[in-house]
Amino acid sequence: MFSHLVRIIFRNRPGILAGILLITAFMAWQATDVKLSYDFVRMLPGNDRGYLEYEKFKKMFGEDGNVLVIGVVNPEMFQLNEFNAWYDLGNDIKQIDGIQEVVSITRAVRVVKSDSLKQFEYLPVVTKKPASQAEVDTLKKQILGLKFYEGLMYNAESDAYLMAVTLDKKKLNDKSRTVVVNKIHQTAEQYRHQTGHEIHYSGMPYIRTLMMEKIKKELYLFIILSIAVAAFILFLFFRSLKIVLSSLVVVAISIVWALGLIGLFNFKITILLGVIPSLIVIIAIENCIYIVNKYHWEFRLHGNKMKALSRVVQRIGFASLMVNTATAMGFAAFILVSNQMLRQFGIITSICIMLEYLLTISLLPIIFSYQKPPDKKHVKHLDNKILSKILNQIIHLIQYKRAWIYGVAGVLVLIGIAGITQMRTSGKVVDDIKTSDPIYVDLKFFEKNFGGVMPFEISIDTKKKRGVMKMQTIEKIEELQQEILKHKEFSKPLSLSELMKFAKQAYFNGKPEYYSLPNSQERNFILSYFPRKSEGKTTVLNSFIDSTQQFTRVSFQMADVGTNDMKRLLDSIKPKVDAIFDKEDYTVNITGNSVVYVRGTEFLIKHLFMSVAIAIVMISLLMALMFSSLRMIIVSMLPNIIPLIITAAIMGFAGIPIKPSTIIVFSIALGISVDNAIQYLSRYRHELRVTGGNIKLSALNALREAGFSMIYTSIVLVLGFSVFIVSEFGGTQALGILISATLFIAMFFNVVVLPSLLLSLDKFLVTKAFEGEPIIEVYDGDDEGNGHYNREKK
């Protein structure tokens with residue numbers, strides 16, 4: 001097969017180059033349509049009950065994650081200049097296109113009893129900008145007397161004040177949100193410069209916008225860094241600018257194709273899709289080094305450039321195909337996860353890897369065919385004395401110190417098992433943000449002063465029209481609120497119960513001591529002053545009840561808690577809900593952005609563990625096609641699964657939580673690390689045929705040849721993935737650290753432990769199935785090629 005491919009490639013060089021150019025131009029055009037994702041990442045499948053309940057809630061009451069909050073600590077807020085500055089800030093923000101409403105102490109609404117109309121009216125507390133301190137003093141008394149706003153708009157103990165900015169839902173999930181948020185930020189910064197007060201920002205729109213801007217910045221940063229690292233590695237290994245530039249051409253085209261594929265599939269850039277170009281750079285460089293190494297090795301044997309290039313394609317074409325297929329399978333496992341973001345990641349990466357293989361195996365030999373043959377100095381890396389010494393020492397250990405090797409491996413496995421017991425899960429919205437990041441710092445400000453900014457919603461179906469306006473229902477809501485507020489993670493709620501207290505205070509002429517639920521004698525009078533929603537008027541009730549007054553909501557803001565804390569809270573709250581609301585009369589659902597996000601994280605972690613199992617099965621099946629021996633498959637997979645256990649231990653001991661951004665490490669690392677096992681075992685089986693079944697000689701000869709490439713590529717991968725360590729996202733940073741660590745550990749197991757197992761298990765492994773013809777022949781060997789060269793050298 002690959003003999004024919006050699007002829008096709010070198011007889012049609014201009015046509016292939018033209019085809020690659022046209023494809024690259026098309027992909028570049030598609031890449032121009034790539035957009036950033038401004039949608040909130042959906043982690044639950046569309047048929048999940050929790051997701052359906054959340055969608056029903058949003059359809060009835062609107063988006064719960066569209067409020068941006070601005071906070072400030074100002075003990076002098078009720079001084080004329082300070083109050084007017086806060087007043088101007090609220091009004092200026094309200095004028096920004098895309099702002100639905102702004103609420104603060106200067107834009108508060110009071111409930112007023114109209115005896116003539118026999119109903120409540122909702123009027124602004126501040127009707128105009130105050131001109132004197134006396135006016136501010138009067139307003140202060142009115143505002144602080146409205147207990148409805150205490151804990152929502154101000155914290156009397158800490159002198160913290162909050163401004164809630166509701167964004168138009170039409171601006172919430174596209175690029176225009178960034179424009180709106182930036183204008184809000186610019187306006188608030190003018191307030192900061194004017195007053196000198198530190199401003200804090202948070203809320204789901206703000207967090208999502210800043211995170212997406214970070215992703216955009218890091219997309220370019222990682223591409224630049226990965227190319228720089230690739231160029232450095234190539235020059236370090238080969239000391240040739242021609243090799244560096246030729247390989248970078250392949251890398252550049254691979255990046256264009258990756259971005260083009262994202263555009264072709266009409267996907268948007270998420271935190272995962274944003275790292276794909278850099279991943280492709282790393283894998284492309286690995287393939288380039290593999291081909292250049294083989295080319296130089298072949299050329300040094302006979303000095304014929306075209307013969308060497310032909311043999312590169314012919315002899316390692318299929319081996320490289322299997323190596324890239326194994327890597328692609330590690331990523332393709334994500335396609336089976338019921339999560340849109342991970343599926344997209346799996347689709348794009350797996351296709352990119354296979355396209356990159358085709359590009360490298362065809363384009364790089366063509367580029368070299370137009371260049372002058374390599375000089376002696378360019379092939380000197382094949383005699384790298386440092387690597388030769390390392391490899392010889394490894395061979396010595398394998399021959400004479402296998403007990404020590406197994407001892408070290410055994411200790412590492414025991415440490416791994418111990419570390420796994422220390423692992424913990426996490427599902428916070430800002431999990432991937434460093435604790436020193438302003439996003440995290442500001443979030444903690446609002447959690448400390450106002451309970452948090454993450455939406456926690458309770459939807460109540462009374463099963464009767466106007467059922468929510470019954471005093472019995474309102475009292476049950478109040479009872480539930482008090483139970484929930486026993487948990488420090490929650491803020492003061494917004495609900496019909498709070499509105500009823502507000503109304504009672506208004507009914508008794510605004511006296512603060514009357515901020516409580518009406519008693520049995522007061523309720524009918526007060527309820528009669530509420531306008532009916534069916535009258536079609538837009539009132540404050542619209543936010544709390546539906547048009548039939550059958551459904552209502554209780555809205556809390558809460559701290560950003562992880563999966564364990566949310567489970568603890570829900571386990572405590574759900575029994576209270578069931579005890580307060582009879583299931584025959586009410587249907588109560590706990591939902592909201594925070595609940596759905598944590599539930600989605602739990603779902604994702606569970607299915608990502610399944611993806612690791614799927615990757616192991618898929619790669620094992622691939623190995624079965626190549627080696628046709630169950631025993632050899634087990635032995636070859638073992639040195640690649642153990643590093644995953646050790647990596648899990650590193651996470652446990654280092655306190656790196658299990659979350660979507662860290663659990664994907666295992667499938668990716670497995671798909672990449674198994675490449676070394678494929679290279680080594682393919683060469684080992686070929687050597688068995690050459691040596692007439694001499695297991696010891698075959699194992700050591702295979703290591704002498706494949707060992708250089710295994711160490712080279714492992715170094716490339718470790719350095720390549722290390723670029724992610726500079727990320728501002730903790731998850732991406734952990735991705736770089738953990739994959740680098742896994743691949744480094746896997747190198748030890750594949751280079752040292754795997755050959756040791758072959759020698760120790762001897763005839764047990766070398767069955768007729770392994771020695772016979774496999775379904776797929778990976779290595780197109782030759783008795784006069786590299787194996788012969790190595791034996792002569794030995």
# chains A, B, ... in the order shown; residues from 1 in each chain; ligands from 1

$ select_by_dssp --residues "segment 96-239 of chain A" --states "helix (DSSP H, G or I)" --output "PyMOL selection string"
chain A and resi 105-107+133-145+147-149+169-171+176-195+204-238

$ residues_around --residues "segment 284-294 of chain A" --least-positions-apart "3" --cutoff "7 Å" --atoms "only C-alpha atoms" --output "JSON, numbers by chain"
{"A": [230, 247, 251, 280, 281, 297, 298, 312, 356, 360, 709, 713, 716]}

$ write_last_selection --atoms "C-alpha atoms" --output "PDB file, in the first residue's frame"
ATOM      1  CA  ALA A 230       8.402  23.904  18.520  1.00  0.00           C
ATOM      2  CA  SER A 247       8.485  21.718   9.806  1.00  0.00           C
ATOM      3  CA  VAL A 251       2.697  23.451  11.595  1.00  0.00           C
ATOM      4  CA  ILE A 280      -2.189  20.356  16.867  1.00  0.00           C
ATOM      5  CA  VAL A 281       1.147  22.203  16.884  1.00  0.00           C
ATOM      6  CA  TRP A 297      18.807   7.542   9.618  1.00  0.00           C
ATOM      7  CA  GLU A 298      18.025   6.155   6.155  1.00  0.00           C
ATOM      8  CA  VAL A 312      10.492   6.982   5.122  1.00  0.00           C
ATOM      9  CA  GLU A 356      -2.336  16.485  10.118  1.00  0.00           C
ATOM     10  CA  THR A 360       2.950  15.530   7.307  1.00  0.00           C
ATOM     11  CA  SER A 709      12.431   8.396  18.930  1.00  0.00           C
ATOM     12  CA  THR A 713       8.991  12.605  21.119  1.00  0.00           C
ATOM     13  CA  VAL A 716       8.735  17.291  22.645  1.00  0.00           C
TER      14      VAL A 716
END

$ closest_atom_pairs --of "segment 545-615 of chain A" --to "segment 456-466 of chain A" --cutoff "8 Å" --atoms "only C-alpha atoms" --output "CSV"
residue,atom,partner,partner_atom,distance
A:Thr548,CA,A:Lys465,CA,5.5
A:Gln549,CA,A:Arg466,CA,4.4
A:Gln550,CA,A:Lys465,CA,4.6
A:Phe551,CA,A:Asp461,CA,4.6
A:Thr552,CA,A:Ile460,CA,5.3
A:Arg553,CA,A:Ser459,CA,4.6
A:Val554,CA,A:Ile458,CA,5.0
A:Ser555,CA,A:Glu457,CA,4.8
A:Phe556,CA,A:Phe456,CA,5.1
A:Gln557,CA,A:Phe456,CA,5.7
A:Met558,CA,A:Phe456,CA,6.5
A:Asp585,CA,A:Thr462,CA,6.3
A:Tyr586,CA,A:Thr462,CA,4.8
A:Thr587,CA,A:Asp461,CA,5.0
A:Val588,CA,A:Ile460,CA,4.6
A:Asn589,CA,A:Ser459,CA,5.2
A:Ile590,CA,A:Ile458,CA,4.6
A:Thr591,CA,A:Glu457,CA,5.1
A:Gly592,CA,A:Phe456,CA,4.7
A:Asn593,CA,A:Phe456,CA,6.6
A:Ser594,CA,A:Phe456,CA,5.9
A:Val595,CA,A:Phe456,CA,6.6

$ write_last_selection --atoms "N, CA, C and O atoms" --output "PDB file, in the first residue's frame"
ATOM      1  N   THR A 548     -51.231  33.619  35.071  1.00  0.00           N
ATOM      2  CA  THR A 548     -52.398  32.988  35.701  1.00  0.00           C
ATOM      3  C   THR A 548     -52.342  33.053  37.216  1.00  0.00           C
ATOM      4  O   THR A 548     -53.296  32.658  37.883  1.00  0.00           O
ATOM      5  N   GLN A 549     -51.223  33.512  37.750  1.00  0.00           N
ATOM      6  CA  GLN A 549     -50.977  33.564  39.187  1.00  0.00           C
ATOM      7  C   GLN A 549     -51.047  32.164  39.828  1.00  0.00           C
ATOM      8  O   GLN A 549     -51.381  32.018  40.992  1.00  0.00           O
ATOM      9  N   GLN A 550     -50.683  31.168  39.012  1.00  0.00           N
ATOM     10  CA  GLN A 550     -50.597  29.788  39.503  1.00  0.00           C
ATOM     11  C   GLN A 550     -49.169  29.447  39.919  1.00  0.00           C
ATOM     12  O   GLN A 550     -48.966  28.632  40.812  1.00  0.00           O
ATOM     13  N   PHE A 551     -48.206  30.089  39.250  1.00  0.00           N
ATOM     14  CA  PHE A 551     -46.791  29.811  39.505  1.00  0.00           C
ATOM     15  C   PHE A 551     -46.122  31.029  40.134  1.00  0.00           C
ATOM     16  O   PHE A 551     -46.446  32.179  39.790  1.00  0.00           O
ATOM     17  N   THR A 552     -45.182  30.770  41.013  1.00  0.00           N
ATOM     18  CA  THR A 552     -44.372  31.854  41.577  1.00  0.00           C
ATOM     19  C   THR A 552     -42.945  31.364  41.759  1.00  0.00           C
ATOM     20  O   THR A 552     -42.656  30.169  41.615  1.00  0.00           O
ATOM     21  N   ARG A 553     -42.059  32.287  42.054  1.00  0.00           N
ATOM     22  CA  ARG A 553     -40.649  31.967  42.233  1.00  0.00           C
ATOM     23  C   ARG A 553     -40.127  32.564  43.529  1.00  0.00           C
ATOM     24  O   ARG A 553     -40.629  33.587  44.003  1.00  0.00           O
ATOM     25  N   VAL A 554     -39.120  31.935  44.086  1.00  0.00           N
ATOM     26  CA  VAL A 554     -38.369  32.493  45.209  1.00  0.00           C
ATOM     27  C   VAL A 554     -36.921  32.567  44.737  1.00  0.00           C
ATOM     28  O   VAL A 554     -36.318  31.539  44.436  1.00  0.00           O
ATOM     29  N   SER A 555     -36.384  33.773  44.648  1.00  0.00           N
ATOM     30  CA  SER A 555     -35.060  33.980  44.062  1.00  0.00           C
ATOM     31  C   SER A 555     -34.035  34.319  45.128  1.00  0.00           C
ATOM     32  O   SER A 555     -34.149  35.352  45.801  1.00  0.00           O
ATOM     33  N   PHE A 556     -33.048  33.457  45.260  1.00  0.00           N
ATOM     34  CA  PHE A 556     -31.898  33.708  46.124  1.00  0.00           C
ATOM     35  C   PHE A 556     -30.673  33.956  45.253  1.00  0.00           C
ATOM     36  O   PHE A 556     -30.598  33.482  44.121  1.00  0.00           O
ATOM     37  N   GLN A 557     -29.728  34.679  45.800  1.00  0.00           N
ATOM     38  CA  GLN A 557     -28.369  34.687  45.265  1.00  0.00           C
ATOM     39  C   GLN A 557     -27.523  33.931  46.285  1.00  0.00           C
ATOM     40  O   GLN A 557     -27.740  34.058  47.482  1.00  0.00           O
ATOM     41  N   MET A 558     -26.577  33.165  45.804  1.00  0.00           N
ATOM     42  CA  MET A 558     -25.807  32.352  46.733  1.00  0.00           C
ATOM     43  C   MET A 558     -24.328  32.386  46.383  1.00  0.00           C
ATOM     44  O   MET A 558     -23.925  32.850  45.315  1.00  0.00           O
ATOM     45  N   ASP A 585     -50.810  19.316  46.762  1.00  0.00           N
ATOM     46  CA  ASP A 585     -51.279  20.669  46.470  1.00  0.00           C
ATOM     47  C   ASP A 585     -50.247  21.519  45.739  1.00  0.00           C
ATOM     48  O   ASP A 585     -50.608  22.530  45.117  1.00  0.00           O
ATOM     49  N   TYR A 586     -48.975  21.143  45.827  1.00  0.00           N
ATOM     50  CA  TYR A 586     -47.919  21.956  45.241  1.00  0.00           C
ATOM     51  C   TYR A 586     -46.883  21.075  44.528  1.00  0.00           C
ATOM     52  O   TYR A 586     -46.637  19.936  44.938  1.00  0.00           O
ATOM     53  N   THR A 587     -46.309  21.641  43.493  1.00  0.00           N
ATOM     54  CA  THR A 587     -45.122  21.054  42.857  1.00  0.00           C
ATOM     55  C   THR A 587     -44.001  22.076  42.978  1.00  0.00           C
ATOM     56  O   THR A 587     -44.111  23.194  42.452  1.00  0.00           O
ATOM     57  N   VAL A 588     -42.938  21.704  43.680  1.00  0.00           N
ATOM     58  CA  VAL A 588     -41.835  22.637  43.944  1.00  0.00           C
ATOM     59  C   VAL A 588     -40.557  22.092  43.310  1.00  0.00           C
ATOM     60  O   VAL A 588     -40.199  20.930  43.528  1.00  0.00           O
ATOM     61  N   ASN A 589     -39.916  22.924  42.513  1.00  0.00           N
ATOM     62  CA  ASN A 589     -38.649  22.538  41.875  1.00  0.00           C
ATOM     63  C   ASN A 589     -37.542  23.515  42.283  1.00  0.00           C
ATOM     64  O   ASN A 589     -37.762  24.734  42.283  1.00  0.00           O
ATOM     65  N   ILE A 590     -36.410  22.966  42.630  1.00  0.00           N
ATOM     66  CA  ILE A 590     -35.224  23.783  42.926  1.00  0.00           C
ATOM     67  C   ILE A 590     -34.372  23.836  41.668  1.00  0.00           C
ATOM     68  O   ILE A 590     -33.965  22.804  41.136  1.00  0.00           O
ATOM     69  N   THR A 591     -34.125  25.032  41.188  1.00  0.00           N
ATOM     70  CA  THR A 591     -33.396  25.186  39.929  1.00  0.00           C
ATOM     71  C   THR A 591     -32.533  26.445  39.991  1.00  0.00           C
ATOM     72  O   THR A 591     -32.109  26.861  41.058  1.00  0.00           O
ATOM     73  N   GLY A 592     -32.244  27.012  38.849  1.00  0.00           N
ATOM     74  CA  GLY A 592     -31.371  28.189  38.813  1.00  0.00           C
ATOM     75  C   GLY A 592     -30.017  27.848  38.231  1.00  0.00           C
ATOM     76  O   GLY A 592     -29.591  26.681  38.183  1.00  0.00           O
ATOM     77  N   ASN A 593     -29.335  28.870  37.796  1.00  0.00           N
ATOM     78  CA  ASN A 593     -28.048  28.716  37.133  1.00  0.00           C
ATOM     79  C   ASN A 593     -27.049  27.936  37.962  1.00  0.00           C
ATOM     80  O   ASN A 593     -26.339  27.063  37.465  1.00  0.00           O
ATOM     81  N   SER A 594     -26.980  28.238  39.257  1.00  0.00           N
ATOM     82  CA  SER A 594     -25.985  27.584  40.113  1.00  0.00           C
ATOM     83  C   SER A 594     -26.288  26.100  40.284  1.00  0.00           C
ATOM     84  O   SER A 594     -25.383  25.263  40.251  1.00  0.00           O
ATOM     85  N   VAL A 595     -27.566  25.754  40.454  1.00  0.00           N
ATOM     86  CA  VAL A 595     -27.954  24.356  40.648  1.00  0.00           C
ATOM     87  C   VAL A 595     -27.694  23.544  39.385  1.00  0.00           C
ATOM     88  O   VAL A 595     -27.138  22.448  39.436  1.00  0.00           O
TER      89      VAL A 595
END

$ select_by_dssp --residues "segment 71-191 of chain A" --states "strand (DSSP E)" --output "MDAnalysis selection string"
chainID A and resid 71:73 99:103 109:114 119:124 154:155 160:167

$ atom_distance --atom1 "atom CA of Tyr161 of chain A" --atom2 "atom CA of Val103 of chain A"
11.2 Å

$ residues_around --residues "Asp431 of chain A" --least-positions-apart "6" --cutoff "9 Å" --atoms "only C-alpha atoms" --output "ChimeraX atom specification"
/A:562,659,729-731

$ write_last_selection --atoms "N, CA, C and O atoms" --output "PDB file, in the first residue's frame"
ATOM      1  N   GLY A 562     -19.081  24.381  45.468  1.00  0.00           N
ATOM      2  CA  GLY A 562     -18.784  23.249  44.597  1.00  0.00           C
ATOM      3  C   GLY A 562     -19.831  22.150  44.708  1.00  0.00           C
ATOM      4  O   GLY A 562     -20.859  22.292  45.374  1.00  0.00           O
ATOM      5  N   LYS A 659     -12.541  17.880  37.972  1.00  0.00           N
ATOM      6  CA  LYS A 659     -13.508  18.749  37.317  1.00  0.00           C
ATOM      7  C   LYS A 659     -13.357  18.528  35.814  1.00  0.00           C
ATOM      8  O   LYS A 659     -12.398  17.884  35.367  1.00  0.00           O
ATOM      9  N   PHE A 729      -6.210  30.473  33.355  1.00  0.00           N
ATOM     10  CA  PHE A 729      -7.235  29.551  33.830  1.00  0.00           C
ATOM     11  C   PHE A 729      -6.575  28.391  34.574  1.00  0.00           C
ATOM     12  O   PHE A 729      -5.704  27.713  34.022  1.00  0.00           O
ATOM     13  N   GLY A 730      -7.023  28.156  35.789  1.00  0.00           N
ATOM     14  CA  GLY A 730      -6.450  27.075  36.575  1.00  0.00           C
ATOM     15  C   GLY A 730      -6.619  25.729  35.909  1.00  0.00           C
ATOM     16  O   GLY A 730      -5.733  24.870  35.975  1.00  0.00           O
ATOM     17  N   GLY A 731      -7.761  25.511  35.234  1.00  0.00           N
ATOM     18  CA  GLY A 731      -8.009  24.247  34.569  1.00  0.00           C
ATOM     19  C   GLY A 731      -7.055  24.004  33.416  1.00  0.00           C
ATOM     20  O   GLY A 731      -6.529  22.900  33.245  1.00  0.00           O
TER      21      GLY A 731
END

$ atom_distance --atom1 "atom CA of Ile99 of chain A" --atom2 "atom CA of Val179 of chain A"
11.4 Å

$ residues_around --residues "Lys216 of chain A" --least-positions-apart "5" --cutoff "10 Å" --atoms "only C-alpha atoms" --output "PyMOL selection string"
chain A and resi 35-36+210-211+221+269-271+274

$ write_last_selection --atoms "N, CA and C atoms" --output "mmCIF file, in the first residue's frame"
data_model
loop_
_atom_site.group_PDB
_atom_site.id
_atom_site.type_symbol
_atom_site.label_atom_id
_atom_site.label_comp_id
_atom_site.auth_asym_id
_atom_site.auth_seq_id
_atom_site.Cartn_x
_atom_site.Cartn_y
_atom_site.Cartn_z
ATOM 1 N N LYS A 35 -16.165 32.272 15.408
ATOM 2 C CA LYS A 35 -16.597 33.250 16.415
ATOM 3 C C LYS A 35 -16.397 32.682 17.813
ATOM 4 N N LEU A 36 -16.274 33.579 18.759
ATOM 5 C CA LEU A 36 -16.200 33.172 20.157
ATOM 6 C C LEU A 36 -17.592 32.796 20.655
ATOM 7 N N LEU A 210 -15.695 38.341 30.819
ATOM 8 C CA LEU A 210 -14.255 38.414 31.081
ATOM 9 C C LEU A 210 -13.560 37.087 30.806
ATOM 10 N N MET A 211 -14.232 35.985 31.114
ATOM 11 C CA MET A 211 -13.628 34.685 30.834
ATOM 12 C C MET A 211 -13.466 34.479 29.333
ATOM 13 N N LEU A 221 -2.015 33.641 22.318
ATOM 14 C CA LEU A 221 -0.813 33.445 23.127
ATOM 15 C C LEU A 221 -0.295 32.020 23.001
ATOM 16 N N ILE A 269 -15.749 29.179 19.410
ATOM 17 C CA ILE A 269 -14.583 28.972 20.267
ATOM 18 C C ILE A 269 -15.001 28.968 21.733
ATOM 19 N N THR A 270 -14.753 27.846 22.401
ATOM 20 C CA THR A 270 -14.957 27.725 23.847
ATOM 21 C C THR A 270 -13.584 27.567 24.496
ATOM 22 N N ILE A 271 -13.565 27.395 25.809
ATOM 23 C CA ILE A 271 -12.292 27.252 26.511
ATOM 24 C C ILE A 271 -11.534 26.015 26.031
ATOM 25 N N GLY A 274 -10.451 26.472 22.176
ATOM 26 C CA GLY A 274 -9.392 27.476 22.101
ATOM 27 C C GLY A 274 -7.994 26.903 22.208
#

$ closest_residue --among "A:Asp48, A:Ser254, A:Ile664, A:Phe749" --to "Ile20 of chain A" --atoms "only C-alpha atoms"
A:Ser254

$ closest_residue --among "A:Gln521, A:Ser547, A:Gln399, A:Ser176" --to "Ser37 of chain A" --atoms "only C-alpha atoms"
A:Ser176

$ atom_distance --atom1 "atom CA of Lys448 of chain A" --atom2 "atom CA of Tyr201 of chain A"
13.7 Å

$ residues_around --residues "Val753 of chain A" --least-positions-apart "3" --cutoff "8 Å" --atoms "only C-alpha atoms" --output "list in words"
Ile405, Tyr406, Ala409, Pro639, Phe748, Phe749, Asn750, Ser756 and Leu757 of chain A

$ write_last_selection --atoms "N, CA, C and O atoms" --output "PDB file, in the first residue's frame"
ATOM      1  N   ILE A 405      13.807  -2.126  38.951  1.00  0.00           N
ATOM      2  CA  ILE A 405      12.818  -1.462  38.092  1.00  0.00           C
ATOM      3  C   ILE A 405      11.409  -1.775  38.578  1.00  0.00           C
ATOM      4  O   ILE A 405      10.570  -0.877  38.732  1.00  0.00           O
ATOM      5  N   TYR A 406      11.147  -3.071  38.828  1.00  0.00           N
ATOM      6  CA  TYR A 406       9.805  -3.458  39.296  1.00  0.00           C
ATOM      7  C   TYR A 406       9.533  -2.883  40.686  1.00  0.00           C
ATOM      8  O   TYR A 406       8.386  -2.540  41.011  1.00  0.00           O
ATOM      9  N   ALA A 409       8.623   0.762  40.179  1.00  0.00           N
ATOM     10  CA  ALA A 409       7.292   0.809  39.572  1.00  0.00           C
ATOM     11  C   ALA A 409       6.222   0.447  40.595  1.00  0.00           C
ATOM     12  O   ALA A 409       5.157   1.085  40.661  1.00  0.00           O
ATOM     13  N   PRO A 639       1.767  -0.371  30.959  1.00  0.00           N
ATOM     14  CA  PRO A 639       2.672   0.767  31.195  1.00  0.00           C
ATOM     15  C   PRO A 639       2.063   2.126  30.844  1.00  0.00           C
ATOM     16  O   PRO A 639       2.640   3.155  31.174  1.00  0.00           O
ATOM     17  N   PHE A 748       8.951   6.701  31.105  1.00  0.00           N
ATOM     18  CA  PHE A 748       9.691   5.769  31.960  1.00  0.00           C
ATOM     19  C   PHE A 748       9.131   4.351  31.842  1.00  0.00           C
ATOM     20  O   PHE A 748       9.867   3.376  31.679  1.00  0.00           O
ATOM     21  N   PHE A 749       7.821   4.231  31.883  1.00  0.00           N
ATOM     22  CA  PHE A 749       7.215   2.906  31.846  1.00  0.00           C
ATOM     23  C   PHE A 749       7.360   2.248  30.471  1.00  0.00           C
ATOM     24  O   PHE A 749       7.556   1.036  30.385  1.00  0.00           O
ATOM     25  N   ASN A 750       7.285   3.036  29.399  1.00  0.00           N
ATOM     26  CA  ASN A 750       7.406   2.455  28.065  1.00  0.00           C
ATOM     27  C   ASN A 750       8.856   2.151  27.682  1.00  0.00           C
ATOM     28  O   ASN A 750       9.132   1.176  26.989  1.00  0.00           O
ATOM     29  N   SER A 756      11.459  -4.540  30.069  1.00  0.00           N
ATOM     30  CA  SER A 756      11.743  -5.441  31.188  1.00  0.00           C
ATOM     31  C   SER A 756      10.701  -6.552  31.267  1.00  0.00           C
ATOM     32  O   SER A 756      11.030  -7.721  31.508  1.00  0.00           O
ATOM     33  N   LEU A 757       9.424  -6.176  31.072  1.00  0.00           N
ATOM     34  CA  LEU A 757       8.359  -7.180  31.102  1.00  0.00           C
ATOM     35  C   LEU A 757       8.525  -8.198  29.983  1.00  0.00           C
ATOM     36  O   LEU A 757       8.283  -9.398  30.175  1.00  0.00           O
TER      37      LEU A 757
END
